[in-house]
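**Q** Structure provided below as structure tokens; questions to follow.
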There are 4 protein chains.
Amino acid sequence: MTEWITNPPPWPGGARCAVAVTFDIDTDSLIHLEHRDRAPDLVATTSWLRYDEVAVPRILDLYRRLEIRQSFFYPAWCMENYPELVEAILKDGHEIGHHGYIHENYNQLPADEQEAFFVRAIETIERMTGAKPRGFRAPVYNFSRATAGLLAKYGFLYDSSLMTDDVPHMVDTDGGSFVEIPGHWPMDDWPQYVHAPDFGYQMTVRSPEDACAVYRSEFEVAYEAGGLWMGVWHPWVSARPARLKAIEAMLLDFRARGDVWFPTLEEIATHMRKIEADGSYIPRRIRLPYYRQPIDPSFLPRKP
Amino acid sequence: MTEWITNPPPWPGGARCAVAVTFDIDTDSLIHLEHRDRAPDLVATTSWLRYDEVAVPRILDLYRRLEIRQSFFYPAWCMENYPELVEAILKDGHEIGHHGYIHENYNQLPADEQEAFFVRAIETIERMTGAKPRGFRAPVYNFSRATAGLLAKYGFLYDSSLMTDDVPHMVDTDGGSFVEIPGHWPMDDWPQYVHAPDFGYQMTVRSPEDACAVYRSEFEVAYEAGGLWMGVWHPWVSARPARLKAIEAMLLDFRARGDVWFPTLEEIATHMRKIEADGSYIPRRIRLPYYRQPIDPSFLPRKP
Amino acid sequence: MTEWITNPPPWPGGARCAVAVTFDIDTDSLIHLEHRDRAPDLVATTSWLRYDEVAVPRILDLYRRLEIRQSFFYPAWCMENYPELVEAILKDGHEIGHHGYIHENYNQLPADEQEAFFVRAIETIERMTGAKPRGFRAPVYNFSRATAGLLAKYGFLYDSSLMTDDVPHMVDTDGGSFVEIPGHWPMDDWPQYVHAPDFGYQMTVRSPEDACAVYRSEFEVAYEAGGLWMGVWHPWVSARPARLKAIEAMLLDFRARGDVWFPTLEEIATHMRKIEADGSYIPRRIRLPYYRQPIDPSFLPRKP
Amino acid sequence: MTEWITNPPPWPGGARCAVAVTFDIDTDSLIHLEHRDRAPDLVATTSWLRYDEVAVPRILDLYRRLEIRQSFFYPAWCMENYPELVEAILKDGHEIGHHGYIHENYNQLPADEQEAFFVRAIETIERMTGAKPRGFRAPVYNFSRATAGLLAKYGFLYDSSLMTDDVPHMVDTDGGSFVEIPGHWPMDDWPQYVHAPDFGYQMTVRSPEDACAVYRSEFEVAYEAGGLWMGVWHPWVSARPARLKAIEAMLLDFRARGDVWFPTLEEIATHMRKIEADGSYIPRRIRLPYYRQPIDPSFLPRKP
């Protein structure tokens, strides 16, 4: 039989697959980052992004109802500006991961600025949650050649920014290793729903049923083959009532299978480390960065 | 149980939700605004925009058949150029709201010009309808940092430009307060239908059934949870025969529930003010503008 | 009851609606027009556009099978370069309409060049078909302020470039009148199917069933309310086997209603003239151009 | 009856149609080609492209299970950088075709560079597979006016870059002839699935069921009318578990018809040559290049 997923790890308690719902709480960081001086005048888009204030409590309510704890990735600037949301998330025992300071694109910054913003976010998270973050997701998945080194240097347990594989695996760097918990565009909500002219992003807005059809097809194969199903969603996009209601129905269907594990990403990473350490699983390993410098230009046409 | 909608207001007569169909009657204002000197040569797109002349009477016919009154948002320049449509709308008792003078983007104009155009539209509406407008929707939702102040200064009862929430709430400004009746892209018809190369806008044109599937999913949750369902549509887009027929079928389905309220936006705003005043409901309040000036640049990377 | 279509004309023989399938045979005119010096290197896209050579005979075969005659719009340069297709079309009694000389965009040319190319196309059509064209469709619907005048000056019976209405009507100009047979984007095949990076046009390619769902919804309302259903299609897009097969099934369904008229556009225009002349129908009239010059700048913001 | 496919060739063993699944294994060639100096920082997109390392073995596994051999098109630089994948492909008896050296766009290079890169790829393939490639597919289908000449000069049996027709046919050039095995966008996976901001490519991500509905409609008509059904897919796109599983189900459905031929492209080309030589089939012939130089500018408007 075709193995739809290569080298699936054993999941705790004999679960057939892992289901993680992660929300990136970007709120209005994006608009300041992309529009700077014009941001104060982009009130409608800002109001939409700040819908996070309505949506995050609703997500927490859903999680209580489902009796699950999950992972939130949070630009530190947003934590500072919306501390009551941070408190509510922590109160319910969820994880908060590093998602940049103000949603900066790491692959567009000089090296010194990458580290400065990266550290600033760690400090904010430590100050506001009482502990350093264990996990990282690069804003817009924009990992630079330096990012893996920063994760190793600052002792991160895992990253969740890459699209390397269908299951978690190890990343080795010169400075140490971490677990990669990979995502992929079919599990992101932007391509399904986001129509935001201020960001030059104009998808046809699909129905919750159509979007969930994409997510559900990913689940079926993860369930069959022992994989990881991880939503990469945003409160102002997916926690609109009609969409979140469809998500609840979907998660209840998944849970009704009886043998699905609903962990935080930190729990997944810890599990991967454990089964690697006890020898019950040999994870795939990749080394980063892929390229420290551009490839030899003799391999390429003389522009373009 | 998860509350899909936070703090739903009590609706009149025990209705479970409010359903409002609003049309923005932009006609050919857009083409003059965006193309200026080239506009006279964009005859096909102009002819499509002026389809409003065919479509508005059809919408009025539908409303008579449904025995409802609804809200139209109208750039004042369009009122001046198509006065017979204005008369027909007023004759049937519908509301006309402020939608700019010529669909100008408030967030792209200097402050003096914002107010000049804003006032010019009020004057036209007052002259042509006999009363000042009570409500406002910014063209393309483009609200600037000054817009809320203008609404307060000129005594508006409500705005319907933002994407703050699922139900109406209050907006406070230095100069006074108004009701916000929020919308959202899944209830707009552009992402479903508009394919207009002259505006750099190229959606896959979907069937009326597919578009209504998006609108209907929004209704189901509003009905279940006590929310507001508000279409933000355009005659030259949604009042094509096949589309408007699908809309009628959908509205009839909604009405058949028996406990749905079909108000104008002014009626919604008046109701919100009433239940706030009599203490039967405590609305959410936000303060605008969100930002009077750009955030401190030290929070941001040195460009980009 | 709501009149889904305003002022439907009486159709011949008591037919409930008119169904016209029109193909624009642009072949590789587009690539020379848009890319000029680079065109010889755009071989794959050229090969796709020249699929017209495979597709046009197949369309003719389908029409013979359906026993219908229809209208083709043909850039004259394409007629000169693919004369065997022209002969085959004429042999089966179909109509050939004016579609520019080489698919030039009339609204992007100086006035003298508009008329020169317009006349050059008339001359080619007259030379190759033995008669002047009776109808016109502007390439990409790009009608300029001068185009209606040219149609009147050169004695055209009808135009089919605008999006004014759901049924044919009259257009008056300083130099005379013609019938407008209007189209609309939901009946065009580009938004459903065309993914052509060389033209900066990247639609998600939909299935024939999904595309026909859009077309069929337009038919149902035309049939119910007495309208016009007119496909604006292209051989290299819609005459791919799977798509044309779906079209055949759809047209057979329409014909099975028993009371649908399948005319050429010239027959529609002639019919409109006849019922106008005998007083059995009063068509809507519009006057073109809409604008001879840009509107007074005092109505507009000082840039943008 | 309408012939949905013109001049279908007789397929071996009386098969009703030919089904070929071709994968283009571009891995990270694209990112170096398009981004050069920035490529090392585009780690997330690179990680996604390098998902080929996970996906290619899975495709091979599927082919073993289906007991078919198929064709892979491989930029030679990728072969050099991922030799273990090449070995695995060859071990299972699949075909490897020429897909450029590093996915260079032939229609954007000067003539000398086109030939240099073209030859460099032949040399790599010969060195790594023990034989010269028999077939070619231009990266992004970007065939230049010189490409057909190169194919003839270097003795290629077939090309699979053009969109000329529904069935294979002959291409004649000054230097000799080859078989064209044409593709088309509805059989490509990019329009269905690829959402890759680093490439300026933002499709709504569709479900495997929706994508396969497009592919299946193409199959039904090929099966009915004796055509060719050829997937043009990419491991990092279509060999994601949910998508490849849907593909397997689809291919099993096709095979269950009992009279479908599953060849490599080389087998198709060899068959076409054979039936041409023995006189049992007269293929269509086209001559390339279509244009050796731009058309006479007098046929075109004076810019644009």
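If you're wondering about the labels, chains in the structure tokens are A, B, ... by order shown, residues count from 1 in each chain, ligands from 1 in order shown.
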For segment 82-98 of chain D, list every protein, DNA or RNA residue within 6 Å, evaluated using only C-alpha atoms, and leave out those in the same chain fewer than 4 positions away; present the list as a list in words.
**A** Arg69, Gln70, Ser71, Phe72, Phe73, Tyr74, Cys78, Pro133, Gly135 and Phe136 of chain D
**Q** Could you tell me which residues of chain B sit within 8 Å of chain A when counting only C-alpha atoms, and give me the result as a ChimeraX atom specification?
**A** /B:1-6,107,141-146,161-165,185-186,191-192,203-204,213-214,217-218,220-222,289-295,299-301,304
**Q** Can those selected residues be exported to a file as a PDB file, in the first residue's frame so that it contains C-alpha atoms?
**A**
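New file out26.pdb:
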ATOM      1  CA  MET B   1     -22.440  26.635  24.578  1.00  0.00           C
ATOM      2  CA  THR B   2     -20.183  28.823  22.517  1.00  0.00           C
ATOM      3  CA  GLU B   3     -21.644  32.246  21.964  1.00  0.00           C
ATOM      4  CA  TRP B   4     -21.111  32.738  18.254  1.00  0.00           C
ATOM      5  CA  ILE B   5     -21.993  36.370  18.630  1.00  0.00           C
ATOM      6  CA  THR B   6     -20.868  38.422  21.587  1.00  0.00           C
ATOM      7  CA  ASN B 107      -8.279  58.300   3.281  1.00  0.00           C
ATOM      8  CA  TYR B 141     -14.973  51.561   3.289  1.00  0.00           C
ATOM      9  CA  ASN B 142     -12.146  54.151   3.141  1.00  0.00           C
ATOM     10  CA  PHE B 143     -12.547  55.918   6.448  1.00  0.00           C
ATOM     11  CA  SER B 144      -9.728  58.285   7.456  1.00  0.00           C
ATOM     12  CA  ARG B 145      -8.589  59.329  10.933  1.00  0.00           C
ATOM     13  CA  ALA B 146     -10.770  62.418  10.460  1.00  0.00           C
ATOM     14  CA  SER B 161     -18.147  51.566   7.056  1.00  0.00           C
ATOM     15  CA  LEU B 162     -16.200  49.557   9.594  1.00  0.00           C
ATOM     16  CA  MET B 163     -15.588  45.871  10.273  1.00  0.00           C
ATOM     17  CA  THR B 164     -15.318  46.062  14.014  1.00  0.00           C
ATOM     18  CA  ASP B 165     -17.870  43.545  15.141  1.00  0.00           C
ATOM     19  CA  TRP B 185     -16.197  41.345   2.961  1.00  0.00           C
ATOM     20  CA  PRO B 186     -18.154  38.027   2.880  1.00  0.00           C
ATOM     21  CA  PRO B 191     -15.387  39.426  -4.316  1.00  0.00           C
ATOM     22  CA  GLN B 192     -18.067  37.087  -5.673  1.00  0.00           C
ATOM     23  CA  MET B 203     -12.420  37.859  -9.761  1.00  0.00           C
ATOM     24  CA  THR B 204     -13.550  34.537 -11.126  1.00  0.00           C
ATOM     25  CA  ALA B 213     -23.921  30.019  -0.213  1.00  0.00           C
ATOM     26  CA  VAL B 214     -21.515  32.512   1.348  1.00  0.00           C
ATOM     27  CA  SER B 217     -23.827  30.708   5.899  1.00  0.00           C
ATOM     28  CA  GLU B 218     -23.593  34.168   7.431  1.00  0.00           C
ATOM     29  CA  GLU B 220     -27.541  30.862   9.674  1.00  0.00           C
ATOM     30  CA  VAL B 221     -25.209  31.941  12.408  1.00  0.00           C
ATOM     31  CA  ALA B 222     -26.816  35.376  12.753  1.00  0.00           C
ATOM     32  CA  PRO B 289      -9.685  57.501  15.673  1.00  0.00           C
ATOM     33  CA  TYR B 290      -7.610  54.496  16.646  1.00  0.00           C
ATOM     34  CA  TYR B 291      -4.442  56.444  15.916  1.00  0.00           C
ATOM     35  CA  ARG B 292      -4.048  60.186  15.534  1.00  0.00           C
ATOM     36  CA  GLN B 293      -0.526  59.786  14.218  1.00  0.00           C
ATOM     37  CA  PRO B 294       1.755  56.966  13.120  1.00  0.00           C
ATOM     38  CA  ILE B 295       3.117  54.777  15.879  1.00  0.00           C
ATOM     39  CA  PHE B 299       8.656  49.949  17.227  1.00  0.00           C
ATOM     40  CA  LEU B 300       9.276  49.304  13.547  1.00  0.00           C
ATOM     41  CA  PRO B 301      12.209  48.093  11.487  1.00  0.00           C
ATOM     42  CA  PRO B 304      10.819  48.532   4.471  1.00  0.00           C
TER      43      PRO B 304
END
**Q** Using DSSP on the backbone coordinates, identify the residues of segment 19-241 of chain C assigned to alpha helix (DSSP H); present them as number ranges by chain.
**A** C: 29-35, 43-49, 52-66, 76-81, 83-91, 111-129, 147-153, 190-193, 208-225, 235-238, 241
**Q** Do you have the atom CA of Gly183 of chain B-atom CA of Asn81 of chain A distance handy?
**A**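 Result for atom CA of Gly183 of chain B versus atom CA of Asn81 of chain A: 24.7 Å, one decimal.
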**Q** Provide the atom CA of Pro10 of chain B to atom CA of Leu288 of chain B distance in Å, to one decimal place.
**A**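 Between atom CA of Pro10 of chain B and atom CA of Leu288 of chain B the gap is 25.3 Å.
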**Q** Write out as an MDAnalysis selection string each polymer residue whose atoms come within 8 Å of Arg285 of chain B, counting only C-alpha atoms; drop sequence neighbours fewer than 5 positions from it.
**A** chainID B and resid 169:172
**Q** Convert the current residue selection to file output with all heavy atoms, as a PDB file, in the first residue's frame.
**A**
ATOM      1  N   HIS B 169     -22.720  48.745  17.537  1.00  0.00           N
ATOM      2  CA  HIS B 169     -22.164  49.190  18.826  1.00  0.00           C
ATOM      3  C   HIS B 169     -21.951  50.689  18.743  1.00  0.00           C
ATOM      4  O   HIS B 169     -22.234  51.319  17.716  1.00  0.00           O
ATOM      5  CB  HIS B 169     -20.855  48.453  19.113  1.00  0.00           C
ATOM      6  CG  HIS B 169     -19.827  48.697  18.071  1.00  0.00           C
ATOM      7  ND1 HIS B 169     -18.975  49.767  18.096  1.00  0.00           N
ATOM      8  CD2 HIS B 169     -19.539  48.024  16.932  1.00  0.00           C
ATOM      9  CE1 HIS B 169     -18.194  49.738  17.027  1.00  0.00           C
ATOM     10  NE2 HIS B 169     -18.520  48.687  16.296  1.00  0.00           N
ATOM     11  N   MET B 170     -21.424  51.284  19.794  1.00  0.00           N
ATOM     12  CA  MET B 170     -21.237  52.727  19.834  1.00  0.00           C
ATOM     13  C   MET B 170     -19.806  53.114  19.485  1.00  0.00           C
ATOM     14  O   MET B 170     -18.861  52.409  19.835  1.00  0.00           O
ATOM     15  CB  MET B 170     -21.551  53.265  21.235  1.00  0.00           C
ATOM     16  CG  MET B 170     -22.986  53.046  21.673  1.00  0.00           C
ATOM     17  SD  MET B 170     -24.199  53.715  20.472  1.00  0.00           S
ATOM     18  CE  MET B 170     -23.695  55.452  20.472  1.00  0.00           C
ATOM     19  N   VAL B 171     -19.678  54.247  18.830  1.00  0.00           N
ATOM     20  CA  VAL B 171     -18.372  54.856  18.586  1.00  0.00           C
ATOM     21  C   VAL B 171     -18.354  56.214  19.266  1.00  0.00           C
ATOM     22  O   VAL B 171     -19.249  57.041  19.044  1.00  0.00           O
ATOM     23  CB  VAL B 171     -18.122  55.050  17.074  1.00  0.00           C
ATOM     24  CG1 VAL B 171     -16.800  55.788  16.846  1.00  0.00           C
ATOM     25  CG2 VAL B 171     -18.119  53.704  16.356  1.00  0.00           C
ATOM     26  N   ASP B 172     -17.355  56.411  20.084  1.00  0.00           N
ATOM     27  CA  ASP B 172     -17.184  57.706  20.748  1.00  0.00           C
ATOM     28  C   ASP B 172     -16.046  58.470  20.091  1.00  0.00           C
ATOM     29  O   ASP B 172     -15.022  57.887  19.723  1.00  0.00           O
ATOM     30  CB  ASP B 172     -16.859  57.498  22.235  1.00  0.00           C
ATOM     31  CG  ASP B 172     -17.990  56.788  22.967  1.00  0.00           C
ATOM     32  OD1 ASP B 172     -19.162  57.139  22.722  1.00  0.00           O
ATOM     33  OD2 ASP B 172     -17.693  55.879  23.766  1.00  0.00           O
TER      34      ASP B 172
END
**Q** From a DSSP pass on the backbone, collect the residues of segment 186-242 of chain B flagged as strand (DSSP E) and hand them back as number ranges by chain.
**A** B: 195-196, 201-202, 228-233
**Q** Atoms to include: N, CA and C atoms. Write the selected residues as a compact mmCIF listing (two decimals), in the first residue's frame.
**A**
# COMPACT_ATOMS: atom_id res chain seq x y z
N HIS B 195 -15.60 41.33 -12.21
CA HIS B 195 -14.47 41.09 -13.12
C HIS B 195 -14.41 42.34 -14.01
N ALA B 196 -13.59 43.29 -13.63
CA ALA B 196 -13.60 44.59 -14.28
C ALA B 196 -12.17 45.06 -14.54
N TYR B 201 -9.45 44.65 -11.40
CA TYR B 201 -10.17 43.81 -10.45
C TYR B 201 -10.66 42.59 -11.20
N GLN B 202 -10.07 41.43 -10.92
CA GLN B 202 -10.38 40.29 -11.76
C GLN B 202 -10.73 39.04 -10.97
N LEU B 228 -26.60 40.40 13.23
CA LEU B 228 -27.01 41.27 12.14
C LEU B 228 -26.48 40.68 10.84
N TRP B 229 -27.36 40.60 9.85
CA TRP B 229 -26.94 40.14 8.52
C TRP B 229 -27.18 41.31 7.58
N MET B 230 -26.10 41.84 7.01
CA MET B 230 -26.25 43.04 6.17
C MET B 230 -25.51 42.87 4.84
N GLY B 231 -26.26 42.80 3.76
CA GLY B 231 -25.65 42.76 2.43
C GLY B 231 -25.15 44.13 2.04
N VAL B 232 -23.94 44.16 1.49
CA VAL B 232 -23.38 45.41 0.96
C VAL B 232 -23.21 45.19 -0.53
N TRP B 233 -24.24 45.58 -1.27
CA TRP B 233 -24.31 45.21 -2.68
C TRP B 233 -24.43 46.42 -3.59
